[in-house]
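Peer 1: I am sharing model_38.csv, which consists of CSV, C-alpha atoms and all ligand atoms:
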```
chain,number,residue,atom,x,y,z
A,10,MET,CA,1.2,3.8,2.4
A,11,ARG,CA,3.2,4.0,5.6
A,12,GLN,CA,0.9,6.9,6.3
A,13,ALA,CA,-0.3,8.8,9.3
A,14,GLY,CA,1.4,6.8,12.0
A,15,ARG,CA,4.9,7.9,11.9
A,16,SER,CA,4.1,11.6,12.4
A,17,LEU,CA,1.9,11.0,15.4
A,18,PRO,CA,3.3,11.2,19.0
A,19,GLU,CA,0.7,8.7,20.2
A,20,TYR,CA,2.0,6.2,17.6
A,21,ARG,CA,5.7,6.8,18.5
A,22,GLU,CA,4.8,6.3,22.2
A,23,ILE,CA,3.4,2.8,21.5
A,24,ARG,CA,6.2,1.9,19.2
A,25,ALA,CA,8.9,3.1,21.6
A,26,THR,CA,8.9,-0.3,23.4
A,27,VAL,CA,7.4,-2.7,20.8
A,28,PRO,CA,9.3,-3.8,17.6
A,29,MET,CA,7.5,-3.2,14.3
A,30,LEU,CA,6.6,-6.9,13.5
A,31,GLU,CA,5.5,-7.6,17.0
A,32,SER,CA,3.1,-4.6,16.9
A,33,CYS,CA,1.7,-6.0,13.6
A,34,ARG,CA,1.0,-9.4,15.4
A,35,ARG,CA,-0.8,-8.0,18.4
A,36,PRO,CA,-4.5,-7.4,17.6
A,37,ASP,CA,-4.9,-4.9,20.5
A,38,LEU,CA,-2.0,-2.7,19.2
A,39,VAL,CA,-3.1,-3.1,15.5
A,40,THR,CA,-6.5,-1.9,16.5
A,41,GLU,CA,-5.3,1.1,18.5
A,42,ILE,CA,-2.7,2.2,15.9
A,43,THR,CA,-5.2,1.9,13.1
A,44,LEU,CA,-7.7,4.0,14.9
A,45,GLN,CA,-5.3,6.8,15.8
A,46,PRO,CA,-5.3,8.7,12.5
A,47,VAL,CA,-9.1,8.3,12.3
A,48,ARG,CA,-9.6,9.8,15.7
A,49,ARG,CA,-7.1,12.6,15.2
A,50,HIS,CA,-7.7,13.7,11.6
A,51,GLY,CA,-11.3,12.5,10.9
A,52,VAL,CA,-10.2,10.8,7.6
A,53,ASP,CA,-12.9,9.0,5.7
A,54,ALA,CA,-11.3,5.5,5.9
A,55,ALA,CA,-8.9,3.7,8.1
A,56,ILE,CA,-5.9,1.7,6.7
A,57,LEU,CA,-5.1,-1.5,8.6
A,58,PHE,CA,-1.9,-1.3,10.5
A,59,SER,CA,0.4,-4.0,9.2
A,60,ASP,CA,3.2,-4.3,6.7
A,61,ILE,CA,3.6,-5.8,3.2
A,62,VAL,CA,6.1,-8.3,4.6
A,63,VAL,CA,3.8,-9.7,7.3
A,64,PRO,CA,2.3,-12.5,5.1
A,65,VAL,CA,5.8,-13.4,3.8
A,66,ALA,CA,7.0,-13.8,7.4
A,67,ALA,CA,3.9,-15.9,8.1
A,68,ALA,CA,4.9,-18.0,5.0
A,69,GLY,CA,8.1,-19.0,6.7
A,70,VAL,CA,10.6,-16.4,5.5
A,71,ASP,CA,13.0,-15.2,8.2
A,72,LEU,CA,12.9,-11.4,8.1
A,73,ASP,CA,12.7,-8.3,10.2
A,74,ILE,CA,11.7,-4.7,9.8
A,75,VAL,CA,14.7,-2.6,10.8
A,76,PRO,CA,14.1,0.9,12.0
A,77,GLY,CA,15.3,3.5,9.4
A,78,THR,CA,16.0,0.8,6.8
A,79,GLY,CA,12.9,-1.3,6.2
A,80,PRO,CA,12.5,-5.1,5.6
A,81,VAL,CA,15.6,-7.1,5.9
A,82,VAL,CA,15.6,-10.8,4.9
A,83,ALA,CA,18.0,-13.2,6.7
A,84,GLU,CA,18.5,-15.6,3.7
A,85,PRO,CA,17.6,-14.0,0.4
A,86,ILE,CA,15.6,-16.0,-2.1
A,87,ARG,CA,17.8,-16.9,-5.1
A,88,THR,CA,17.1,-20.5,-6.1
A,89,ALA,CA,14.2,-22.9,-6.8
A,90,ALA,CA,14.8,-24.5,-3.4
A,91,ASP,CA,14.5,-21.0,-1.8
A,92,VAL,CA,11.2,-20.5,-3.5
A,93,GLN,CA,10.0,-23.8,-2.1
A,94,ARG,CA,10.7,-22.4,1.4
A,95,ILE,CA,7.8,-19.9,0.9
A,96,ARG,CA,4.9,-21.8,2.2
A,97,LEU,CA,1.3,-21.2,1.3
A,98,ILE,CA,-0.5,-19.5,4.2
A,99,THR,CA,-3.8,-20.3,5.9
A,100,ARG,CA,-6.0,-18.2,8.1
A,101,GLU,CA,-4.4,-19.8,11.1
A,102,ASP,CA,-1.0,-18.5,10.0
A,103,VAL,CA,-2.3,-14.9,10.2
A,104,SER,CA,-5.0,-15.3,12.9
A,105,TYR,CA,-3.8,-12.0,14.5
A,106,VAL,CA,-4.8,-10.1,11.3
A,107,ASP,CA,-8.2,-11.9,11.1
A,108,GLU,CA,-8.8,-11.0,14.8
A,109,ALA,CA,-7.6,-7.3,14.4
A,110,VAL,CA,-9.8,-6.7,11.4
A,111,ARG,CA,-12.9,-8.1,13.1
A,112,GLN,CA,-12.2,-5.9,16.2
A,113,LEU,CA,-11.6,-2.9,14.0
A,114,VAL,CA,-14.8,-3.3,11.9
A,115,ALA,CA,-16.8,-3.4,15.1
A,116,GLU,CA,-15.1,-0.3,16.5
A,117,LEU,CA,-15.1,1.8,13.3
A,118,GLY,CA,-18.8,1.6,12.7
A,119,ASP,CA,-19.5,3.5,9.4
A,120,THR,CA,-15.9,4.3,8.7
A,121,PRO,CA,-14.6,1.8,6.1
A,122,LEU,CA,-11.4,-0.2,6.8
A,123,ILE,CA,-9.0,-0.6,3.9
A,124,GLY,CA,-7.0,-3.9,3.9
A,125,PHE,CA,-3.8,-4.3,1.9
A,126,ALA,CA,-0.9,-6.5,0.7
A,127,GLY,CA,2.3,-6.1,-1.3
A,128,ALA,CA,2.3,-7.0,-5.0
A,129,PRO,CA,4.5,-9.8,-6.3
A,130,PHE,CA,7.2,-7.6,-7.8
A,131,THR,CA,7.7,-5.4,-4.8
A,132,LEU,CA,7.7,-8.4,-2.4
A,133,ALA,CA,10.1,-10.3,-4.8
A,134,SER,CA,12.5,-7.3,-4.7
A,135,TYR,CA,12.8,-7.4,-0.9
A,136,LEU,CA,13.2,-11.2,-0.9
A,137,VAL,CA,15.8,-11.4,-3.7
A,138,GLU,CA,17.8,-8.3,-2.7
A,139,GLY,CA,17.6,-9.2,1.0
A,140,GLY,CA,16.5,-5.7,1.8
A,141,PRO,CA,15.7,-2.3,0.3
A,142,SER,CA,17.5,-1.5,-3.0
A,143,ARG,CA,17.8,1.6,-5.2
A,144,THR,CA,18.6,-0.3,-8.4
A,145,HIS,CA,16.8,-3.6,-7.8
A,146,ALA,CA,19.9,-5.1,-9.6
A,147,LYS,CA,19.7,-8.6,-8.2
A,148,THR,CA,16.0,-8.8,-8.7
A,149,LYS,CA,16.3,-7.7,-12.4
A,150,ALA,CA,19.3,-10.1,-12.9
A,151,LEU,CA,17.1,-13.0,-11.7
A,152,MET,CA,14.2,-11.8,-13.8
A,153,TYR,CA,16.2,-11.5,-17.1
A,154,GLY,CA,18.6,-14.4,-16.4
A,155,ASN,CA,16.1,-17.0,-15.2
A,156,PRO,CA,12.6,-16.1,-16.3
A,157,GLU,CA,11.3,-19.6,-15.3
A,158,LEU,CA,12.5,-19.2,-11.7
A,159,TRP,CA,11.3,-15.6,-11.6
A,160,HIS,CA,7.8,-16.7,-12.7
A,161,ALA,CA,7.8,-19.5,-10.1
A,162,LEU,CA,8.7,-17.0,-7.3
A,163,CYS,CA,6.1,-14.4,-8.4
A,164,GLY,CA,3.5,-17.1,-8.8
A,165,ARG,CA,4.1,-18.3,-5.3
A,166,LEU,CA,4.0,-14.7,-3.9
A,167,ALA,CA,0.7,-14.1,-5.8
A,168,GLU,CA,-0.8,-17.1,-4.1
A,169,VAL,CA,0.4,-15.9,-0.6
A,170,THR,CA,-0.9,-12.4,-1.3
A,171,LEU,CA,-4.3,-13.6,-2.6
A,172,ALA,CA,-4.7,-15.8,0.5
A,173,PHE,CA,-3.8,-12.9,2.8
A,174,LEU,CA,-6.2,-10.5,1.2
A,175,ARG,CA,-9.0,-13.2,1.3
A,176,VAL,CA,-8.5,-13.5,5.1
A,177,GLN,CA,-8.9,-9.7,5.4
A,178,ILE,CA,-12.0,-9.6,3.2
A,179,ASP,CA,-13.6,-12.5,5.0
A,180,ALA,CA,-13.0,-10.6,8.3
A,181,GLY,CA,-14.8,-7.6,6.9
A,182,VAL,CA,-12.5,-5.0,5.2
A,183,SER,CA,-14.4,-2.7,2.9
A,184,ALA,CA,-11.7,-2.3,0.2
A,185,VAL,CA,-8.2,-3.7,-0.5
A,186,GLN,CA,-5.1,-2.0,-1.8
A,187,LEU,CA,-2.3,-3.9,-3.6
A,188,PHE,CA,1.0,-2.0,-3.3
A,189,ASP,CA,3.5,-2.4,-6.1
A,190,SER,CA,5.6,0.4,-4.7
A,191,TRP,CA,8.7,-0.4,-6.8
A,192,ALA,CA,7.1,-1.4,-10.1
A,193,GLY,CA,8.2,2.0,-11.5
A,194,ALA,CA,11.7,0.6,-11.8
A,195,LEU,CA,10.6,-1.3,-14.9
A,196,SER,CA,9.9,-0.4,-18.5
A,197,GLU,CA,6.4,-1.0,-19.7
A,198,ALA,CA,7.4,-4.0,-21.8
A,199,ASP,CA,9.2,-5.7,-18.9
A,200,TYR,CA,6.3,-4.8,-16.6
A,201,ARG,CA,3.9,-6.5,-19.0
A,202,ARG,CA,6.0,-9.6,-19.4
A,203,PHE,CA,7.3,-10.2,-15.9
A,204,VAL,CA,4.8,-8.6,-13.5
A,205,LEU,CA,1.4,-7.9,-15.0
A,206,PRO,CA,0.4,-11.6,-15.1
A,207,HIS,CA,1.1,-12.0,-11.4
A,208,SER,CA,-0.6,-8.8,-10.2
A,209,THR,CA,-3.5,-9.8,-12.5
A,210,ALA,CA,-3.7,-13.2,-10.8
A,211,VAL,CA,-4.2,-11.4,-7.4
A,212,LEU,CA,-6.6,-8.7,-8.5
A,213,SER,CA,-8.7,-10.9,-10.8
A,214,GLY,CA,-8.8,-13.5,-8.1
A,215,LEU,CA,-10.8,-11.0,-6.1
A,216,ALA,CA,-13.1,-9.9,-8.9
A,217,ASN,CA,-16.1,-11.6,-7.1
A,218,ALA,CA,-15.1,-10.6,-3.6
A,219,GLY,CA,-17.4,-7.7,-3.6
A,220,VAL,CA,-14.9,-5.0,-2.5
A,221,PRO,CA,-13.2,-2.3,-4.5
A,222,ARG,CA,-9.6,-3.0,-5.4
A,223,ILE,CA,-6.9,-0.2,-5.4
A,224,HIS,CA,-3.6,-0.7,-7.2
A,225,PHE,CA,-0.7,1.6,-6.3
A,226,GLY,CA,2.9,2.2,-7.4
A,227,VAL,CA,5.5,5.0,-7.3
A,228,GLY,CA,7.2,6.4,-10.4
A,229,THR,CA,4.6,4.6,-12.6
A,230,ALA,CA,3.8,7.4,-15.1
A,231,GLU,CA,4.6,5.1,-18.0
A,232,LEU,CA,2.8,2.1,-16.4
A,233,LEU,CA,-0.5,3.6,-15.4
A,234,GLY,CA,-2.4,2.1,-18.4
A,235,ALA,CA,-0.9,-1.4,-17.8
A,236,MET,CA,-1.4,-1.2,-14.0
A,237,GLY,CA,-5.1,-0.4,-14.7
A,238,GLU,CA,-5.3,-3.5,-16.9
A,239,ALA,CA,-4.3,-5.7,-13.9
A,240,GLY,CA,-7.9,-5.5,-12.8
A,241,ALA,CA,-8.1,-2.7,-10.2
A,242,ASP,CA,-11.1,-0.4,-9.8
A,243,VAL,CA,-8.9,2.4,-8.6
A,244,VAL,CA,-5.3,3.3,-9.7
A,245,GLY,CA,-3.0,5.1,-7.3
A,246,VAL,CA,-0.9,7.9,-8.8
A,247,ASP,CA,2.2,9.4,-7.2
A,248,TRP,CA,2.8,13.2,-7.5
A,249,ARG,CA,4.7,13.1,-10.8
A,250,THR,CA,1.7,12.8,-13.1
A,251,PRO,CA,-1.3,15.2,-12.8
A,252,LEU,CA,-4.6,13.3,-12.2
A,253,ASP,CA,-6.2,14.5,-15.5
A,254,VAL,CA,-3.1,13.3,-17.5
A,255,ALA,CA,-3.2,10.0,-15.5
A,256,THR,CA,-6.9,9.5,-16.3
A,257,GLY,CA,-6.0,9.9,-20.0
A,258,ARG,CA,-3.6,7.0,-19.6
A,259,ILE,CA,-5.7,4.8,-17.4
A,260,GLY,CA,-9.0,5.3,-19.3
A,261,PRO,CA,-12.3,6.8,-18.3
A,262,ASP,CA,-13.7,3.7,-16.5
A,263,LYS,CA,-11.4,3.7,-13.4
A,264,ALA,CA,-11.2,6.0,-10.4
A,265,VAL,CA,-7.8,7.5,-9.3
A,266,GLN,CA,-6.2,7.9,-6.0
A,267,GLY,CA,-3.6,10.5,-5.0
A,268,ASN,CA,-1.6,12.6,-5.6
A,269,LEU,CA,-0.2,15.2,-3.2
A,270,ASP,CA,3.6,15.2,-2.9
A,271,PRO,CA,4.3,14.3,0.7
A,272,THR,CA,7.0,17.0,0.9
A,273,VAL,CA,4.4,19.7,0.1
A,274,LEU,CA,3.1,19.1,3.6
A,275,LEU,CA,6.3,20.6,4.9
A,276,ALA,CA,5.6,23.9,3.0
A,277,PRO,CA,3.7,27.0,4.4
A,278,TRP,CA,-0.1,26.5,4.5
A,279,PRO,CA,-0.9,28.6,1.4
A,280,VAL,CA,1.3,26.3,-0.7
A,281,VAL,CA,-0.4,23.2,0.7
A,282,GLU,CA,-3.9,24.7,0.2
A,283,ALA,CA,-3.2,25.6,-3.4
A,284,GLU,CA,-1.8,22.1,-4.2
A,285,VAL,CA,-4.8,20.4,-2.5
A,286,ARG,CA,-7.2,22.6,-4.5
A,287,ARG,CA,-5.4,21.9,-7.8
A,288,ILE,CA,-5.4,18.1,-7.2
A,289,LEU,CA,-9.1,18.1,-6.3
A,290,GLU,CA,-9.8,20.0,-9.5
A,291,GLN,CA,-7.7,17.8,-11.8
A,292,GLY,CA,-9.2,14.7,-10.1
A,293,ARG,CA,-12.6,15.6,-11.6
A,294,ALA,CA,-11.4,14.2,-14.9
A,295,ALA,CA,-11.8,10.7,-13.5
A,296,PRO,CA,-15.1,9.0,-12.7
A,297,GLY,CA,-14.0,8.9,-9.0
A,298,HIS,CA,-11.1,10.4,-7.0
A,299,VAL,CA,-9.8,9.2,-3.6
A,300,PHE,CA,-7.8,12.1,-2.2
A,301,ASN,CA,-4.5,10.9,-0.8
A,302,LEU,CA,-0.8,11.5,-0.8
A,303,GLY,CA,1.3,10.3,-3.7
A,304,HIS,CA,3.3,8.2,-1.2
A,305,GLY,CA,3.6,7.8,2.5
A,306,VAL,CA,3.5,10.6,5.1
A,307,LEU,CA,7.0,11.7,6.1
A,308,PRO,CA,7.7,11.2,9.8
A,309,GLU,CA,8.6,14.9,10.2
A,310,THR,CA,5.2,16.1,9.0
A,311,ASP,CA,3.3,18.3,11.4
A,312,PRO,CA,0.1,16.3,12.3
A,313,GLU,CA,-1.8,19.6,12.5
A,314,VAL,CA,-1.2,20.2,8.8
A,315,LEU,CA,-2.7,16.7,8.0
A,316,THR,CA,-5.8,17.5,10.0
A,317,ARG,CA,-6.2,20.8,8.1
A,318,VAL,CA,-5.8,19.0,4.8
A,319,VAL,CA,-8.5,16.6,5.7
A,320,ALA,CA,-10.8,19.4,6.7
A,321,LEU,CA,-10.1,21.3,3.4
A,322,VAL,CA,-10.8,18.2,1.3
A,323,HIS,CA,-14.1,17.8,3.1
A,324,GLU,CA,-15.0,21.4,2.7
A,325,VAL,CA,-14.3,21.4,-1.1
A,326,SER,CA,-16.2,18.1,-1.6
A,327,SER,CA,-19.2,19.1,0.4
A,328,ARG,CA,-19.5,22.4,-1.5
A,329,ARG,CA,-19.3,20.5,-4.7
A,330,ALA,CA,-22.0,18.1,-3.5
A,331,ASP,CA,-24.3,21.1,-2.7
A,332,GLN,CA,-23.8,22.4,-6.2
A,333,GLY,CA,-24.8,19.0,-7.5
B,1,LIG,C1,7.2,-0.8,0.4
B,1,LIG,C2,6.3,-0.9,1.6
B,1,LIG,C3,6.7,-1.4,2.9
B,1,LIG,N1,5.5,-1.4,3.7
B,1,LIG,C4,4.4,-0.9,3.0
B,1,LIG,C5,4.9,-0.7,1.7
B,1,LIG,C6,4.0,-0.3,0.5
B,1,LIG,C7,3.6,1.2,0.6
B,1,LIG,C8,4.7,2.1,0.4
B,1,LIG,O1,5.3,2.1,-0.6
B,1,LIG,O2,4.9,2.9,1.4
B,1,LIG,C9,3.0,-0.8,3.4
B,1,LIG,C10,2.7,-0.4,4.8
B,1,LIG,N2,3.5,-0.4,5.9
B,1,LIG,C11,2.8,0.1,6.9
B,1,LIG,C12,1.4,0.3,6.5
B,1,LIG,C13,0.3,0.5,7.5
B,1,LIG,C14,-0.3,1.9,7.4
B,1,LIG,C15,0.4,2.9,8.2
B,1,LIG,O3,0.5,2.7,9.4
B,1,LIG,O4,0.8,3.9,7.6
B,1,LIG,C16,1.4,0.0,5.2
B,1,LIG,C17,0.2,0.2,4.2
B,1,LIG,C18,3.3,0.2,8.3
B,1,LIG,C19,4.7,0.6,8.5
B,1,LIG,N3,5.8,-0.1,7.9
B,1,LIG,C20,6.9,0.5,8.4
B,1,LIG,C21,6.6,1.6,9.2
B,1,LIG,C22,7.6,2.5,10.0
B,1,LIG,C23,7.9,1.8,11.2
B,1,LIG,C24,8.4,2.9,12.2
B,1,LIG,O5,9.5,3.3,12.0
B,1,LIG,O6,7.6,3.1,13.1
B,1,LIG,C25,5.2,1.6,9.3
B,1,LIG,C26,4.3,2.5,10.1
B,1,LIG,C27,8.3,0.0,8.0
B,1,LIG,C28,8.6,-0.1,6.6
B,1,LIG,N4,8.0,-1.1,5.8
B,1,LIG,C29,8.5,-1.0,4.5
B,1,LIG,C30,9.4,0.1,4.5
B,1,LIG,C31,10.1,0.6,3.3
B,1,LIG,C32,9.4,0.7,5.8
B,1,LIG,C33,10.1,2.0,6.3
B,1,LIG,C34,11.4,1.8,6.9
B,1,LIG,C35,11.8,3.1,7.5
B,1,LIG,O7,11.9,4.1,6.8
B,1,LIG,O8,12.0,3.1,8.8
B,1,LIG,C36,8.0,-1.8,3.4
```
I'd like the structure from this file rewritten - as structure tokens, please.
Peer 2:
Amino acid sequence: MRQAGRSLPEYREIRATVPMLESCRRPDLVTEITLQPVRRHGVDAAILFSDIVVPVAAAGVDLDIVPGTGPVVAEPIRTAADVQRIRLITREDVSYVDEAVRQLVAELGDTPLIGFAGAPFTLASYLVEGGPSRTHAKTKALMYGNPELWHALCGRLAEVTLAFLRVQIDAGVSAVQLFDSWAGALSEADYRRFVLPHSTAVLSGLANAGVPRIHFGVGTAELLGAMGEAGADVVGVDWRTPLDVATGRIGPDKAVQGNLDPTVLLAPWPVVEAEVRRILEQGRAAPGHVFNLGHGVLPETDPEVLTRVVALVHEVSSRRADQG
């Protein structure tokens, strides 16, 4: 998720003079920004500072990340010729990511680094719409109206994504997360027909890579089972579905990640504490639970509250470990 960064003054200071995409392409800044939440909060893992559109830009798509809006594409992808414009990427195209990951792995020591990429549907939505969309109307119109072109686009995006994740894994990340943030816009039937094959191509392509794979979306209560089938080891759950219910849908053989509502962090501490404890309890239904928010940290979050949440999660889990 766009997580800790935006709430931190030290992050805002760096970003005050450097545009988002440029900061993702400078290994020194990627390293510093990635380390900031680890230093400040003592989280158990670092998430690489990058963005889901970084590999798409490296593949030749003219785009920018506009503050307060998100990714904006200069010429949206709508035809077969447009799909051809998305090149396959090599390590050289994203050498700054390769370099940043190597630097980070050296600096982080025992703290694992999580790499990531956007999943084909969520990337396709930005590319087809030309920017963020509430309804994903143009994306769905293409999907329903020209399935052949849709599958060509998602097939190409799956190849780019797989190549991007392989670069990160070769450089040393300990786990990867595939973000299908907007998959919750689809019915399960449409998800299975139009999206699952492409997300499966990415996740199953990494089956022998030796790192755990996390698959995340928002508003995916009805899709949790299908998203688990895409081949992840861990399924991310937003705050709408309690983790024990989610485990019932995903099945007993996969871990879960989540699922604190990011807005709860704006509430008084006793409310936050009760929610964290409830989530840790309900997470016990799964064979593993990665405590996290259900989506990204809101920029107005008080960083002190985040530090306190991390400490509370550590306290509860170490007490549990003592009790066997
Ligand atoms: C959908 C999506 C995007 N980017 C991402 C997703 C999938 C996860 C999710 O659903 O949150 C993933 C992402 N983006 C970013 C990270 C790195 C981890 C982190 O620093 O938190 C990660 C994992 C940096 C970022 N990516 C972005 C920021 C904010 C840039 C800033 O304002 O400083 C960060 C830290 C920009 C971005 N990039 C995107 C959006 C919607 C935005 C926010 C636009 C806004 O509200 O201003 C696309």
Peer 1: Mind giving me the straight-line distance from atom CA of A:Asp119 to atom CA of A:Gln266 in Å, one decimal?
Peer 2: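 Going from atom CA of A:Asp119 over to atom CA of A:Gln266 covers 20.8 Å.
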Peer 1: Please, which residues in chain A fall within 8 Å of ligand LIG 1 (chain B) when counting all atoms listed in the file, and what is the closest atom pair and distance in Å to one decimal for each, ordered by chain then residue number, as JSON lines?
Peer 2:
```
{"residue": "A:Met10", "atom": "CA", "partner": "B:LIG1", "partner_atom": "O2", "distance": 3.9}
{"residue": "A:Arg11", "atom": "CA", "partner": "B:LIG1", "partner_atom": "O4", "distance": 3.1}
{"residue": "A:Gln12", "atom": "CA", "partner": "B:LIG1", "partner_atom": "O4", "distance": 3.3}
{"residue": "A:Ala13", "atom": "CA", "partner": "B:LIG1", "partner_atom": "O4", "distance": 5.3}
{"residue": "A:Gly14", "atom": "CA", "partner": "B:LIG1", "partner_atom": "O3", "distance": 4.9}
{"residue": "A:Arg15", "atom": "CA", "partner": "B:LIG1", "partner_atom": "O6", "distance": 5.6}
{"residue": "A:Tyr20", "atom": "CA", "partner": "B:LIG1", "partner_atom": "O6", "distance": 7.8}
{"residue": "A:Arg21", "atom": "CA", "partner": "B:LIG1", "partner_atom": "O6", "distance": 6.8}
{"residue": "A:Arg24", "atom": "CA", "partner": "B:LIG1", "partner_atom": "O6", "distance": 6.4}
{"residue": "A:Met29", "atom": "CA", "partner": "B:LIG1", "partner_atom": "C23", "distance": 5.9}
{"residue": "A:Ile42", "atom": "CA", "partner": "B:LIG1", "partner_atom": "O3", "distance": 7.3}
{"residue": "A:Thr43", "atom": "CA", "partner": "B:LIG1", "partner_atom": "O3", "distance": 6.8}
{"residue": "A:Ile56", "atom": "CA", "partner": "B:LIG1", "partner_atom": "C14", "distance": 5.6}
{"residue": "A:Leu57", "atom": "CA", "partner": "B:LIG1", "partner_atom": "C13", "distance": 5.9}
{"residue": "A:Phe58", "atom": "CA", "partner": "B:LIG1", "partner_atom": "C13", "distance": 4.1}
{"residue": "A:Ser59", "atom": "CA", "partner": "B:LIG1", "partner_atom": "C13", "distance": 4.8}
{"residue": "A:Asp60", "atom": "CA", "partner": "B:LIG1", "partner_atom": "N2", "distance": 4.0}
{"residue": "A:Ile61", "atom": "CA", "partner": "B:LIG1", "partner_atom": "N1", "distance": 4.8}
{"residue": "A:Val62", "atom": "CA", "partner": "B:LIG1", "partner_atom": "C36", "distance": 6.9}
{"residue": "A:Ile74", "atom": "CA", "partner": "B:LIG1", "partner_atom": "C27", "distance": 6.1}
{"residue": "A:Val75", "atom": "CA", "partner": "B:LIG1", "partner_atom": "O8", "distance": 6.6}
{"residue": "A:Pro76", "atom": "CA", "partner": "B:LIG1", "partner_atom": "O8", "distance": 4.4}
{"residue": "A:Gly77", "atom": "CA", "partner": "B:LIG1", "partner_atom": "O8", "distance": 3.4}
{"residue": "A:Thr78", "atom": "CA", "partner": "B:LIG1", "partner_atom": "C34", "distance": 4.7}
{"residue": "A:Gly79", "atom": "CA", "partner": "B:LIG1", "partner_atom": "C34", "distance": 3.5}
{"residue": "A:Pro80", "atom": "CA", "partner": "B:LIG1", "partner_atom": "C29", "distance": 5.8}
{"residue": "A:Phe125", "atom": "CA", "partner": "B:LIG1", "partner_atom": "C17", "distance": 6.4}
{"residue": "A:Ala126", "atom": "CA", "partner": "B:LIG1", "partner_atom": "C9", "distance": 7.4}
{"residue": "A:Gly127", "atom": "CA", "partner": "B:LIG1", "partner_atom": "C6", "distance": 6.3}
{"residue": "A:Thr131", "atom": "CA", "partner": "B:LIG1", "partner_atom": "C1", "distance": 7.0}
{"residue": "A:Pro141", "atom": "CA", "partner": "B:LIG1", "partner_atom": "C31", "distance": 7.0}
{"residue": "A:Phe188", "atom": "CA", "partner": "B:LIG1", "partner_atom": "C6", "distance": 5.1}
{"residue": "A:Asp189", "atom": "CA", "partner": "B:LIG1", "partner_atom": "C6", "distance": 6.9}
{"residue": "A:Ser190", "atom": "CA", "partner": "B:LIG1", "partner_atom": "O1", "distance": 4.4}
{"residue": "A:Trp191", "atom": "CA", "partner": "B:LIG1", "partner_atom": "C1", "distance": 7.4}
{"residue": "A:Gly226", "atom": "CA", "partner": "B:LIG1", "partner_atom": "O1", "distance": 7.2}
{"residue": "A:Val227", "atom": "CA", "partner": "B:LIG1", "partner_atom": "O1", "distance": 7.3}
{"residue": "A:His304", "atom": "CA", "partner": "B:LIG1", "partner_atom": "O2", "distance": 6.1}
{"residue": "A:Gly305", "atom": "CA", "partner": "B:LIG1", "partner_atom": "O2", "distance": 5.2}
{"residue": "A:Val306", "atom": "CA", "partner": "B:LIG1", "partner_atom": "O4", "distance": 7.6}
```
Peer 1: Which residues, protein or nucleic acid, reach to within 6 Å of (-11.7, 20.4, -1.3) in the file's coordinates when using only C-alpha atoms, and can you give that as a PyMOL selection string?
Peer 2: chain A and resi 286+321-326
Peer 1: Given only C-alpha atoms as the basis, pick out the residue of A:Arg94, A:Arg35, A:Arg329, A:Arg293 nearest to A:Thr256.
Peer 2: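 With only C-alpha atoms as the atom set, the closest residue is A:Arg293.
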Peer 1: Between A:His207, A:Arg165, A:Arg175, A:Arg287, which residue has the minimum interatomic distance to A:Arg96, considering all atoms listed in the file?
Peer 2: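 Looking at the shortest contact to A:Arg96, the residue is A:Arg165.
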Peer 1: What's the separation between atom CA of A:Val82 and atom CA of A:Gly139, in Å to one decimal place?
Peer 2: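 Computing it gives 4.7 Å between the two atoms.
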Peer 1: If I take atom CA of A:Leu113 and atom CA of A:Leu44, how far is one from the other in Å, to one decimal?
Peer 2: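 The value is 8.0 Å.
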Peer 1: (-6.7, 22.7, -7.2) in this file's frame - what residues fall within 12 Å of it? Use all atoms listed in the file and give the answer as an mmCIF file with C-alpha atoms, keeping the file's coordinate frame.
Peer 2:
```cif
data_model
loop_
_atom_site.group_PDB
_atom_site.id
_atom_site.type_symbol
_atom_site.label_atom_id
_atom_site.label_comp_id
_atom_site.auth_asym_id
_atom_site.auth_seq_id
_atom_site.Cartn_x
_atom_site.Cartn_y
_atom_site.Cartn_z
ATOM 1 C CA PRO A 251 -1.300 15.200 -12.800
ATOM 2 C CA LEU A 252 -4.600 13.300 -12.200
ATOM 3 C CA ASP A 253 -6.200 14.500 -15.500
ATOM 4 C CA ASN A 268 -1.600 12.600 -5.600
ATOM 5 C CA LEU A 269 -0.200 15.200 -3.200
ATOM 6 C CA PRO A 279 -0.900 28.600 1.400
ATOM 7 C CA VAL A 280 1.300 26.300 -0.700
ATOM 8 C CA VAL A 281 -0.400 23.200 0.700
ATOM 9 C CA GLU A 282 -3.900 24.700 0.200
ATOM 10 C CA ALA A 283 -3.200 25.600 -3.400
ATOM 11 C CA GLU A 284 -1.800 22.100 -4.200
ATOM 12 C CA VAL A 285 -4.800 20.400 -2.500
ATOM 13 C CA ARG A 286 -7.200 22.600 -4.500
ATOM 14 C CA ARG A 287 -5.400 21.900 -7.800
ATOM 15 C CA ILE A 288 -5.400 18.100 -7.200
ATOM 16 C CA LEU A 289 -9.100 18.100 -6.300
ATOM 17 C CA GLU A 290 -9.800 20.000 -9.500
ATOM 18 C CA GLN A 291 -7.700 17.800 -11.800
ATOM 19 C CA GLY A 292 -9.200 14.700 -10.100
ATOM 20 C CA ARG A 293 -12.600 15.600 -11.600
ATOM 21 C CA PHE A 300 -7.800 12.100 -2.200
ATOM 22 C CA LEU A 321 -10.100 21.300 3.400
ATOM 23 C CA VAL A 322 -10.800 18.200 1.300
ATOM 24 C CA VAL A 325 -14.300 21.400 -1.100
ATOM 25 C CA SER A 326 -16.200 18.100 -1.600
#
```
Peer 1: Which residue is closest to A:Leu162? Choose from A:Gln93, A:Val103, A:Ala128, A:Val182 and count all atoms listed in the file.
Peer 2: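 Result for the nearest residue to A:Leu162: A:Gln93.
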Peer 1: Compare A:Arg111, A:Leu166, A:Phe203, A:Ala255 by their minimum atom-to-atom distance to A:Val70, counting all atoms listed in the file, and give me the closest one.
Peer 2: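 With all atoms listed in the file as the atom set, the closest residue is A:Leu166.
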